[in-house]
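S.K.: mmCIF, C-alpha atoms and all ligand atoms; chains and numbers go by the auth columns, saved as final_38.cif, coming up:
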```
data_run
loop_
_atom_site.group_PDB
_atom_site.id
_atom_site.type_symbol
_atom_site.label_atom_id
_atom_site.label_comp_id
_atom_site.label_asym_id
_atom_site.label_seq_id
_atom_site.Cartn_x
_atom_site.Cartn_y
_atom_site.Cartn_z
_atom_site.B_iso_or_equiv
_atom_site.auth_seq_id
_atom_site.auth_asym_id
ATOM 1 C CA MET A 1 23.858 -16.682 -26.564 0.00 1 M
ATOM 2 C CA THR A 2 24.074 -15.653 -22.947 0.00 2 M
ATOM 3 C CA HIS A 3 27.423 -14.576 -21.629 0.00 3 M
ATOM 4 C CA GLN A 4 28.207 -16.218 -18.308 0.00 4 M
ATOM 5 C CA LEU A 5 31.234 -14.937 -16.428 0.00 5 M
ATOM 6 C CA ALA A 6 33.253 -17.726 -14.870 0.00 6 M
ATOM 7 C CA LEU A 7 32.384 -18.241 -11.235 0.00 7 M
ATOM 8 C CA PRO A 8 35.190 -18.651 -8.729 0.00 8 M
ATOM 9 C CA ALA A 9 36.028 -22.054 -7.285 0.00 9 M
ATOM 10 C CA TYR A 10 34.778 -20.927 -3.856 0.00 10 M
ATOM 11 C CA TYR A 11 31.341 -19.927 -5.153 0.00 11 M
ATOM 12 C CA ASN A 12 29.574 -23.022 -3.780 0.00 12 M
ATOM 13 C CA ASP A 13 32.285 -24.153 -1.388 0.00 13 M
ATOM 14 C CA LEU A 14 31.814 -23.062 2.233 0.00 14 M
ATOM 15 C CA ASP A 15 35.361 -23.796 3.419 0.00 15 M
ATOM 16 C CA ALA A 16 36.881 -22.165 0.369 0.00 16 M
ATOM 17 C CA SER A 17 34.630 -19.112 0.843 0.00 17 M
ATOM 18 C CA PHE A 18 35.917 -18.846 4.412 0.00 18 M
ATOM 19 C CA ALA A 19 39.500 -18.992 3.165 0.00 19 M
ATOM 20 C CA GLU A 20 38.719 -16.382 0.512 0.00 20 M
ATOM 21 C CA ALA A 21 37.212 -14.052 3.124 0.00 21 M
ATOM 22 C CA TRP A 22 40.498 -14.157 5.050 0.00 22 M
ATOM 23 C CA ASN A 23 42.471 -13.731 1.803 0.00 23 M
ATOM 24 C CA VAL A 24 40.580 -10.511 1.094 0.00 24 M
ATOM 25 C CA VAL A 25 41.172 -9.209 4.629 0.00 25 M
ATOM 26 C CA GLU A 26 44.854 -10.205 4.650 0.00 26 M
ATOM 27 C CA ALA A 27 45.452 -8.383 1.376 0.00 27 M
ATOM 28 C CA GLY A 28 44.802 -5.192 3.318 0.00 28 M
ATOM 29 C CA VAL A 29 48.111 -5.579 5.138 0.00 29 M
ATOM 30 C CA THR A 30 50.346 -6.255 2.147 0.00 30 M
ATOM 31 C CA ASP A 31 48.584 -4.222 -0.552 0.00 31 M
ATOM 32 C CA ARG A 32 48.052 -0.541 0.228 0.00 32 M
ATOM 33 C CA LYS A 33 45.642 -0.280 -2.709 0.00 33 M
ATOM 34 C CA SER A 34 43.424 -3.043 -1.390 0.00 34 M
ATOM 35 C CA PRO A 35 40.147 -1.789 0.144 0.00 35 M
ATOM 36 C CA ALA A 36 40.906 -3.955 3.163 0.00 36 M
ATOM 37 C CA HIS A 37 43.840 -1.634 3.880 0.00 37 M
ATOM 38 C CA THR A 38 41.280 0.911 5.125 0.00 38 M
ATOM 39 C CA PRO A 39 38.431 -0.997 6.764 0.00 39 M
ATOM 40 C CA THR A 40 35.684 0.620 8.799 0.00 40 M
ATOM 41 C CA VAL A 41 35.980 -0.093 12.506 0.00 41 M
ATOM 42 C CA GLY A 42 32.820 0.197 14.589 0.00 42 M
ATOM 43 C CA THR A 43 32.538 0.611 18.342 0.00 43 M
ATOM 44 C CA VAL A 44 29.653 1.509 20.640 0.00 44 M
ATOM 45 C CA ASP A 45 29.647 4.165 23.355 0.00 45 M
ATOM 46 C CA THR A 46 27.966 3.934 26.756 0.00 46 M
ATOM 47 C CA ASP A 47 24.749 5.435 25.321 0.00 47 M
ATOM 48 C CA GLY A 48 24.603 2.649 22.743 0.00 48 M
ATOM 49 C CA THR A 49 25.501 5.020 19.903 0.00 49 M
ATOM 50 C CA PRO A 50 27.607 3.309 17.215 0.00 50 M
ATOM 51 C CA HIS A 51 30.790 5.077 16.104 0.00 51 M
ATOM 52 C CA LEU A 52 32.416 4.162 12.794 0.00 52 M
ATOM 53 C CA ARG A 53 35.788 5.258 11.509 0.00 53 M
ATOM 54 C CA ILE A 54 38.325 4.259 8.891 0.00 54 M
ATOM 55 C CA MET A 55 41.543 2.774 10.256 0.00 55 M
ATOM 56 C CA ILE A 56 44.633 1.391 8.562 0.00 56 M
ATOM 57 C CA LEU A 57 44.923 -2.364 8.875 0.00 57 M
ATOM 58 C CA ARG A 58 48.439 -3.184 10.119 0.00 58 M
ATOM 59 C CA GLU A 59 48.485 -6.912 10.752 0.00 59 M
ATOM 60 C CA VAL A 60 46.225 -9.947 10.466 0.00 60 M
ATOM 61 C CA SER A 61 46.582 -13.372 12.047 0.00 61 M
ATOM 62 C CA ARG A 62 44.161 -15.912 10.648 0.00 62 M
ATOM 63 C CA ASP A 63 45.249 -18.432 13.299 0.00 63 M
ATOM 64 C CA LEU A 64 44.757 -16.068 16.227 0.00 64 M
ATOM 65 C CA ARG A 65 41.689 -14.442 14.562 0.00 65 M
ATOM 66 C CA THR A 66 43.236 -11.028 15.230 0.00 66 M
ATOM 67 C CA LEU A 67 43.540 -7.734 13.409 0.00 67 M
ATOM 68 C CA ARG A 68 45.900 -5.005 14.603 0.00 68 M
ATOM 69 C CA PHE A 69 45.358 -1.276 14.160 0.00 69 M
ATOM 70 C CA HIS A 70 47.197 1.754 15.537 0.00 70 M
ATOM 71 C CA THR A 71 45.649 4.742 17.188 0.00 71 M
ATOM 72 C CA ASP A 72 46.169 7.726 19.452 0.00 72 M
ATOM 73 C CA ALA A 73 45.827 6.689 23.088 0.00 73 M
ATOM 74 C CA ARG A 74 43.995 9.982 23.736 0.00 74 M
ATOM 75 C CA SER A 75 41.308 9.487 21.066 0.00 75 M
ATOM 76 C CA ASP A 76 37.594 9.089 21.808 0.00 76 M
ATOM 77 C CA LYS A 77 37.522 5.468 20.687 0.00 77 M
ATOM 78 C CA ILE A 78 39.712 4.468 23.664 0.00 78 M
ATOM 79 C CA ALA A 79 36.867 4.922 26.165 0.00 79 M
ATOM 80 C CA GLN A 80 34.615 2.849 23.888 0.00 80 M
ATOM 81 C CA LEU A 81 37.112 -0.017 23.974 0.00 81 M
ATOM 82 C CA GLU A 82 37.357 -0.666 27.688 0.00 82 M
ATOM 83 C CA HIS A 83 36.739 -4.176 29.026 0.00 83 M
ATOM 84 C CA LYS A 84 37.131 -6.004 25.699 0.00 84 M
ATOM 85 C CA ALA A 85 34.296 -4.092 24.106 0.00 85 M
ATOM 86 C CA ALA A 86 32.149 -5.358 21.251 0.00 86 M
ATOM 87 C CA THR A 87 33.713 -4.178 17.991 0.00 87 M
ATOM 88 C CA SER A 88 33.026 -4.731 14.299 0.00 88 M
ATOM 89 C CA VAL A 89 35.215 -4.414 11.235 0.00 89 M
ATOM 90 C CA LEU A 90 33.777 -3.948 7.746 0.00 90 M
ATOM 91 C CA VAL A 91 35.454 -4.458 4.374 0.00 91 M
ATOM 92 C CA TYR A 92 33.976 -4.067 0.914 0.00 92 M
ATOM 93 C CA ASP A 93 36.288 -5.145 -1.877 0.00 93 M
ATOM 94 C CA ALA A 94 34.559 -4.262 -5.159 0.00 94 M
ATOM 95 C CA ALA A 95 37.091 -6.168 -7.300 0.00 95 M
ATOM 96 C CA ALA A 96 36.630 -9.279 -5.163 0.00 96 M
ATOM 97 C CA LYS A 97 32.842 -8.629 -5.219 0.00 97 M
ATOM 98 C CA ALA A 98 32.846 -9.294 -1.506 0.00 98 M
ATOM 99 C CA GLN A 99 31.571 -7.691 1.661 0.00 99 M
ATOM 100 C CA ILE A 100 33.136 -9.060 4.827 0.00 100 M
ATOM 101 C CA ARG A 101 31.767 -8.240 8.263 0.00 101 M
ATOM 102 C CA LEU A 102 33.829 -9.286 11.233 0.00 102 M
ATOM 103 C CA SER A 103 32.621 -8.896 14.764 0.00 103 M
ATOM 104 C CA GLY A 104 34.240 -9.673 18.063 0.00 104 M
ATOM 105 C CA ARG A 105 36.030 -7.905 20.875 0.00 105 M
ATOM 106 C CA ALA A 106 38.799 -5.369 20.893 0.00 106 M
ATOM 107 C CA GLN A 107 41.192 -4.007 23.456 0.00 107 M
ATOM 108 C CA ILE A 108 43.725 -1.242 23.586 0.00 108 M
ATOM 109 C CA ALA A 109 47.369 -2.088 24.219 0.00 109 M
ATOM 110 C CA GLY A 110 49.241 1.075 25.146 0.00 110 M
ATOM 111 C CA ASN A 111 52.161 -0.660 26.793 0.00 111 M
ATOM 112 C CA GLY A 112 53.863 -4.009 26.378 0.00 112 M
ATOM 113 C CA ASP A 113 55.659 -5.863 23.624 0.00 113 M
ATOM 114 C CA VAL A 114 52.929 -5.637 20.988 0.00 114 M
ATOM 115 C CA ALA A 115 52.624 -1.868 21.286 0.00 115 M
ATOM 116 C CA ASP A 116 56.403 -1.369 21.547 0.00 116 M
ATOM 117 C CA THR A 117 57.048 -3.446 18.430 0.00 117 M
ATOM 118 C CA ALA A 118 54.221 -1.708 16.573 0.00 118 M
ATOM 119 C CA TRP A 119 55.653 1.686 17.523 0.00 119 M
ATOM 120 C CA SER A 120 59.217 0.892 16.505 0.00 120 M
ATOM 121 C CA GLY A 121 58.007 -0.825 13.323 0.00 121 M
ATOM 122 C CA SER A 122 56.176 2.312 12.102 0.00 122 M
ATOM 123 C CA THR A 123 57.887 4.920 9.966 0.00 123 M
ATOM 124 C CA ALA A 124 58.959 8.176 11.604 0.00 124 M
ATOM 125 C CA PHE A 125 56.551 9.987 9.333 0.00 125 M
ATOM 126 C CA ALA A 126 53.595 7.836 10.455 0.00 126 M
ATOM 127 C CA ARG A 127 54.556 8.325 14.103 0.00 127 M
ATOM 128 C CA ARG A 128 54.589 12.087 13.681 0.00 128 M
ATOM 129 C CA CYS A 129 50.754 12.034 14.062 0.00 129 M
ATOM 130 C CA TYR A 130 51.255 11.129 17.714 0.00 130 M
ATOM 131 C CA MET A 131 53.118 14.393 18.328 0.00 131 M
ATOM 132 C CA ALA A 132 49.852 16.345 18.385 0.00 132 M
ATOM 133 C CA GLU A 133 49.844 18.564 21.464 0.00 133 M
ATOM 134 C CA ALA A 134 46.201 18.085 22.404 0.00 134 M
ATOM 135 C CA ALA A 135 44.050 14.952 22.140 0.00 135 M
ATOM 136 C CA PRO A 136 42.446 14.201 18.759 0.00 136 M
ATOM 137 C CA GLY A 137 38.983 15.721 18.682 0.00 137 M
ATOM 138 C CA THR A 138 39.870 18.682 20.925 0.00 138 M
ATOM 139 C CA PRO A 139 38.057 21.821 19.667 0.00 139 M
ATOM 140 C CA ILE A 140 40.440 24.509 18.378 0.00 140 M
ATOM 141 C CA ALA A 141 39.887 28.176 17.470 0.00 141 M
ATOM 142 C CA GLN A 142 41.905 28.066 14.245 0.00 142 M
ATOM 143 C CA PRO A 143 42.379 25.315 11.646 0.00 143 M
ATOM 144 C CA SER A 144 45.510 23.352 12.478 0.00 144 M
ATOM 145 C CA SER A 145 47.189 19.946 12.171 0.00 145 M
ATOM 146 C CA GLY A 146 47.528 20.007 15.951 0.00 146 M
ATOM 147 C CA LEU A 147 51.277 19.298 15.597 0.00 147 M
ATOM 148 C CA PRO A 148 53.879 21.571 17.181 0.00 148 M
ATOM 149 C CA ASP A 149 55.016 24.250 14.710 0.00 149 M
ATOM 150 C CA TRP A 150 58.630 23.066 14.703 0.00 150 M
ATOM 151 C CA ILE A 151 57.736 19.664 13.232 0.00 151 M
ATOM 152 C CA GLU A 152 55.239 20.807 10.572 0.00 152 M
ATOM 153 C CA GLY A 153 56.315 19.455 7.175 0.00 153 M
ATOM 154 C CA LYS A 154 59.357 17.714 8.654 0.00 154 M
ATOM 155 C CA GLN A 155 60.190 14.131 9.472 0.00 155 M
ATOM 156 C CA PRO A 156 60.902 13.707 13.180 0.00 156 M
ATOM 157 C CA LYS A 157 64.075 12.016 14.435 0.00 157 M
ATOM 158 C CA GLU A 158 63.991 9.001 16.764 0.00 158 M
ATOM 159 C CA ASP A 159 64.973 10.980 19.862 0.00 159 M
ATOM 160 C CA GLN A 160 62.267 13.562 19.128 0.00 160 M
ATOM 161 C CA LEU A 161 59.665 10.816 18.768 0.00 161 M
ATOM 162 C CA ALA A 162 60.573 9.050 22.006 0.00 162 M
ATOM 163 C CA ASP A 163 58.783 11.685 24.103 0.00 163 M
ATOM 164 C CA TYR A 164 55.495 10.919 22.331 0.00 164 M
ATOM 165 C CA ARG A 165 55.475 7.141 22.656 0.00 165 M
ATOM 166 C CA GLY A 166 52.824 7.427 25.388 0.00 166 M
ATOM 167 C CA ASN A 167 50.333 8.846 22.882 0.00 167 M
ATOM 168 C CA PHE A 168 50.484 5.699 20.780 0.00 168 M
ATOM 169 C CA ALA A 169 48.460 2.534 21.261 0.00 169 M
ATOM 170 C CA ALA A 170 47.714 -0.640 19.365 0.00 170 M
ATOM 171 C CA LEU A 171 44.088 -1.669 18.948 0.00 171 M
ATOM 172 C CA LEU A 172 43.843 -5.455 18.982 0.00 172 M
ATOM 173 C CA PHE A 173 40.656 -6.932 17.580 0.00 173 M
ATOM 174 C CA GLN A 174 39.742 -10.604 17.844 0.00 174 M
ATOM 175 C CA ALA A 175 36.976 -11.917 15.628 0.00 175 M
ATOM 176 C CA ASP A 176 34.379 -14.393 16.843 0.00 176 M
ATOM 177 C CA ARG A 177 32.016 -13.993 13.871 0.00 177 M
ATOM 178 C CA ILE A 178 32.692 -13.567 10.186 0.00 178 M
ATOM 179 C CA GLU A 179 30.072 -12.916 7.565 0.00 179 M
ATOM 180 C CA TRP A 180 30.679 -13.220 3.861 0.00 180 M
ATOM 181 C CA LEU A 181 28.578 -11.764 1.036 0.00 181 M
ATOM 182 C CA TYR A 182 29.710 -12.570 -2.489 0.00 182 M
ATOM 183 C CA LEU A 183 27.986 -10.719 -5.329 0.00 183 M
ATOM 184 C CA ALA A 184 27.301 -12.558 -8.586 0.00 184 M
ATOM 185 C CA ASN A 185 24.738 -12.188 -11.359 0.00 185 M
ATOM 186 C CA ALA A 186 24.275 -15.934 -11.198 0.00 186 M
ATOM 187 C CA GLY A 187 23.083 -15.498 -7.620 0.00 187 M
ATOM 188 C CA HIS A 188 24.700 -13.965 -4.590 0.00 188 M
ATOM 189 C CA ARG A 189 26.223 -16.113 -1.885 0.00 189 M
ATOM 190 C CA ARG A 190 26.163 -15.379 1.823 0.00 190 M
ATOM 191 C CA ALA A 191 27.653 -17.327 4.680 0.00 191 M
ATOM 192 C CA ARG A 192 28.474 -16.838 8.331 0.00 192 M
ATOM 193 C CA TRP A 193 30.915 -18.507 10.677 0.00 193 M
ATOM 194 C CA HIS A 194 31.232 -18.240 14.426 0.00 194 M
ATOM 195 C CA TRP A 195 34.126 -19.271 16.616 0.00 195 M
ATOM 196 C CA ASP A 196 33.150 -22.279 18.724 0.00 196 M
ATOM 197 C CA GLN A 197 35.078 -21.938 21.973 0.00 197 M
ATOM 198 C CA THR A 198 34.516 -25.472 23.176 0.00 198 M
ATOM 199 C CA GLN A 199 35.729 -27.094 19.977 0.00 199 M
ATOM 200 C CA ASN A 200 38.232 -24.351 19.140 0.00 200 M
ATOM 201 C CA LEU A 201 37.118 -24.077 15.563 0.00 201 M
ATOM 202 C CA TRP A 202 35.028 -22.017 13.193 0.00 202 M
ATOM 203 C CA LEU A 203 31.537 -23.319 12.449 0.00 203 M
ATOM 204 C CA GLY A 204 29.772 -21.921 9.426 0.00 204 M
ATOM 205 C CA ASN A 205 26.700 -22.173 7.284 0.00 205 M
ATOM 206 C CA TRP A 206 25.185 -20.619 4.192 0.00 206 M
ATOM 207 C CA LEU A 207 22.577 -17.890 4.594 0.00 207 M
ATOM 208 C CA VAL A 208 19.960 -16.447 2.264 0.00 208 M
ATOM 209 C CA PRO A 209 21.711 -13.421 0.781 0.00 209 M
HETATM 210 C C1 LIG B . 42.369 6.823 5.121 0.00 1 I
HETATM 211 C C2 LIG B . 42.252 7.028 6.603 0.00 1 I
HETATM 212 C C3 LIG B . 43.055 6.290 7.437 0.00 1 I
HETATM 213 C C4 LIG B . 42.958 6.444 8.825 0.00 1 I
HETATM 214 N N1 LIG B . 43.734 5.661 9.634 0.00 1 I
HETATM 215 C C5 LIG B . 43.604 5.745 10.971 0.00 1 I
HETATM 216 C C6 LIG B . 44.329 4.852 11.832 0.00 1 I
HETATM 217 O O1 LIG B . 45.071 3.974 11.378 0.00 1 I
HETATM 218 N N2 LIG B . 44.147 4.996 13.164 0.00 1 I
HETATM 219 C C7 LIG B . 43.306 5.923 13.695 0.00 1 I
HETATM 220 O O2 LIG B . 43.193 5.978 14.923 0.00 1 I
HETATM 221 N N3 LIG B . 42.596 6.774 12.919 0.00 1 I
HETATM 222 C C8 LIG B . 42.733 6.702 11.565 0.00 1 I
HETATM 223 N N4 LIG B . 42.011 7.546 10.754 0.00 1 I
HETATM 224 C C9 LIG B . 41.174 8.593 11.390 0.00 1 I
HETATM 225 C C10 LIG B . 39.894 7.971 11.915 0.00 1 I
HETATM 226 O O3 LIG B . 39.022 7.668 10.845 0.00 1 I
HETATM 227 C C11 LIG B . 39.172 8.883 12.934 0.00 1 I
HETATM 228 O O4 LIG B . 38.863 10.112 12.331 0.00 1 I
HETATM 229 C C12 LIG B . 40.031 9.131 14.175 0.00 1 I
HETATM 230 O O5 LIG B . 40.708 7.951 14.586 0.00 1 I
HETATM 231 C C13 LIG B . 39.180 9.634 15.353 0.00 1 I
HETATM 232 O O6 LIG B . 38.247 8.647 15.695 0.00 1 I
HETATM 233 P P1 LIG B . 37.541 8.570 17.168 0.00 1 I
HETATM 234 O O7 LIG B . 37.136 9.984 17.494 0.00 1 I
HETATM 235 O O8 LIG B . 36.420 7.630 16.993 0.00 1 I
HETATM 236 O O9 LIG B . 38.590 8.066 18.133 0.00 1 I
HETATM 237 C C14 LIG B . 42.067 7.395 9.371 0.00 1 I
HETATM 238 C C15 LIG B . 41.242 8.113 8.510 0.00 1 I
HETATM 239 C C16 LIG B . 41.332 7.943 7.153 0.00 1 I
HETATM 240 C C17 LIG B . 40.422 8.726 6.260 0.00 1 I
#
```
Before we go any further, please render this structure as structure tokens.

M.R.:
Amino acid sequence: MTHQLALPAYYNDLDASFAEAWNVVEAGVTDRKSPAHTPTVGTVDTDGTPHLRIMILREVSRDLRTLRFHTDARSDKIAQLEHKAATSVLVYDAAAKAQIRLSGRAQIAGNGDVADTAWSGSTAFARRCYMAEAAPGTPIAQPSSGLPDWIEGKQPKEDQLADYRGNFAALLFQADRIEWLYLANAGHRRARWHWDQTQNLWLGNWLVP
């Protein structure tokens, strides 16, 4: 007798697969143990070289097609994100048996309501990273956290953090393509959707996995 694991309801359902792709991504905001909490974010520099890095997923809006991340306004990725630059986000959730590739455009918001709310909504401990004296990636002679000595191992107070607000920025990504790969012994499933600007909706179709 062959043992067939039950297939999920979305297995052969394009709309339900789309919803499941967003479910997997959204779990990254609420569940710190979810792989979508630490997606890979890809940008391209002026030479065309791709740069990938892990970032913590802070917020997702399915309706607005947006993902929010936080970063240091002095980091190398900032220059790669000028003028709504092409950006990709990758999630592999082994338990969900799903790879999700989102691509679209991203921009950096250093000032304004979104960045202010993101800053004040972060814990003091998380915001301590932005107290680094030199920009992330600056070569140093000795190994160091880059933080001022007086704050090492301590949690900063609000008034101490205020001086460093300028080092913080939100990275706002908006998806215009989503690709779904679901792994199953019974046969993998792959689909892709793109955002249709004239109709204001997602259009999708199945692909050969
Ligand atoms: C688990 C984990 C979480 C990370 N979260 C962030 C983050 O939320 N924001 C960020 O800018 N970098 C984060 N990083 C560091 C980045 O991967 C990267 O090293 C850094 O942002 C410098 O990238 P850049 O030189 O391309 O700007 C994280 C790294 C790891 C391993």

S.K.: Measuring atom to atom with only C-alpha atoms and all ligand atoms, identify which of M:Arg177, M:Arg65, M:Lys77, M:Lys154 is nearest to ligand LIG 1 (chain I).

M.R.: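 Looking at the shortest contact to ligand LIG 1 (chain I), the residue is M:Lys77.
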
S.K.: Atom CA of Arg192 of chain M and atom CA of Arg62 of chain M are how many Å apart?

M.R.: 15.9 Å

S.K.: Take the PyMOL selection byres (((not hetatm)) within 10 of (chain I and resi 1)), apply it to the structure above, and return the hits as a PyMOL selection string.

M.R.: chain M and resi 37-45+50-58+68-80+126+129-130+135-138+168-171

S.K.: Using all atoms listed in the file, what table do you get, as a Markdown table, when you list each residue of segment 154-192 of chain M with an atom no more than 10 Å from segment 18-23 of chain M, its nearest pair of atoms, and their distance in Å rounded to one decimal, rows by chain then rising number?

M.R.:
```
| residue | atom | partner | partner_atom | distance |
| --- | --- | --- | --- | --- |
| M:Ile178 | CA | M:Ala21 | CA | 8.4 |
| M:Glu179 | CA | M:Ala21 | CA | 8.5 |
| M:Trp180 | CA | M:Ala21 | CA | 6.6 |
| M:Leu181 | CA | M:Ala21 | CA | 9.2 |
| M:Tyr182 | CA | M:Ala21 | CA | 9.5 |
| M:Ala191 | CA | M:Phe18 | CA | 8.4 |
| M:Arg192 | CA | M:Phe18 | CA | 8.6 |
```

S.K.: Have a look at atom CA of Leu5 of chain M and atom CA of Arg189 of chain M and let me know their distance in Å, one decimal.

M.R.: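 Atom CA of Arg189 of chain M lies 15.4 Å from atom CA of Leu5 of chain M.
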
S.K.: Given the point (28.3, -7.6, -4.5) in the file's coordinates, find the residues that have an atom at most 12 Å from it, counting only C-alpha atoms, and give them as a list of chain:residue names.

M.R.: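 Protein, DNA and RNA residues close to (28.3, -7.6, -4.5): M:Val91, M:Tyr92, M:Asp93, M:Ala94, M:Ala95, M:Ala96, M:Lys97, M:Ala98, M:Gln99, M:Ile100, M:Trp180, M:Leu181, M:Tyr182, M:Leu183, M:Ala184, M:Asn185, M:Ala186, M:Gly187, M:His188, M:Arg189, M:Arg190, M:Pro209.
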
S.K.: Next, dump the selected residues to file, keeping only C-alpha atoms, as a tab-separated table (two decimals), in the coordinates of the input.

M.R.:
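Output saved as out15.tsv:
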```tsv
chain	number	residue	atom	x	y	z
M	91	VAL	CA	35.45	-4.46	4.37
M	92	TYR	CA	33.98	-4.07	0.91
M	93	ASP	CA	36.29	-5.14	-1.88
M	94	ALA	CA	34.56	-4.26	-5.16
M	95	ALA	CA	37.09	-6.17	-7.30
M	96	ALA	CA	36.63	-9.28	-5.16
M	97	LYS	CA	32.84	-8.63	-5.22
M	98	ALA	CA	32.85	-9.29	-1.51
M	99	GLN	CA	31.57	-7.69	1.66
M	100	ILE	CA	33.14	-9.06	4.83
M	180	TRP	CA	30.68	-13.22	3.86
M	181	LEU	CA	28.58	-11.76	1.04
M	182	TYR	CA	29.71	-12.57	-2.49
M	183	LEU	CA	27.99	-10.72	-5.33
M	184	ALA	CA	27.30	-12.56	-8.59
M	185	ASN	CA	24.74	-12.19	-11.36
M	186	ALA	CA	24.28	-15.93	-11.20
M	187	GLY	CA	23.08	-15.50	-7.62
M	188	HIS	CA	24.70	-13.96	-4.59
M	189	ARG	CA	26.22	-16.11	-1.88
M	190	ARG	CA	26.16	-15.38	1.82
M	209	PRO	CA	21.71	-13.42	0.78
```

S.K.: How many Å separate atom CA of Trp150 of chain M from atom CA of Glu133 of chain M?

M.R.: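 For atom CA of Trp150 of chain M relative to atom CA of Glu133 of chain M, the distance reads 12.0 Å.
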
S.K.: Check which residues satisfy the PyMOL selection byres (((chain M and resi 106-120) around 6) and not hetatm) in the file shown, then give them as a PyMOL selection string.

M.R.: chain M and resi 81+84-85+87+105+121-122+169-173

S.K.: Please list as a VMD selection string every residue within 9 Å of Glu59 of chain M, counting all atoms listed in the file and excluding residues in the same chain fewer than 2 positions away.

M.R.: chain M and resid 26 28 to 30 57 61 66 to 69

S.K.: Any chance you could resolve the PyMOL selection byres (((chain M and resi 147) around 6) and not hetatm) against this file and give the residues as a CSV table (one decimal) with C-alpha atoms, keeping the file's coordinate frame?

M.R.:
```csv
chain,number,residue,atom,x,y,z
M,131,MET,CA,53.1,14.4,18.3
M,132,ALA,CA,49.9,16.3,18.4
M,145,SER,CA,47.2,19.9,12.2
M,146,GLY,CA,47.5,20.0,16.0
M,148,PRO,CA,53.9,21.6,17.2
```
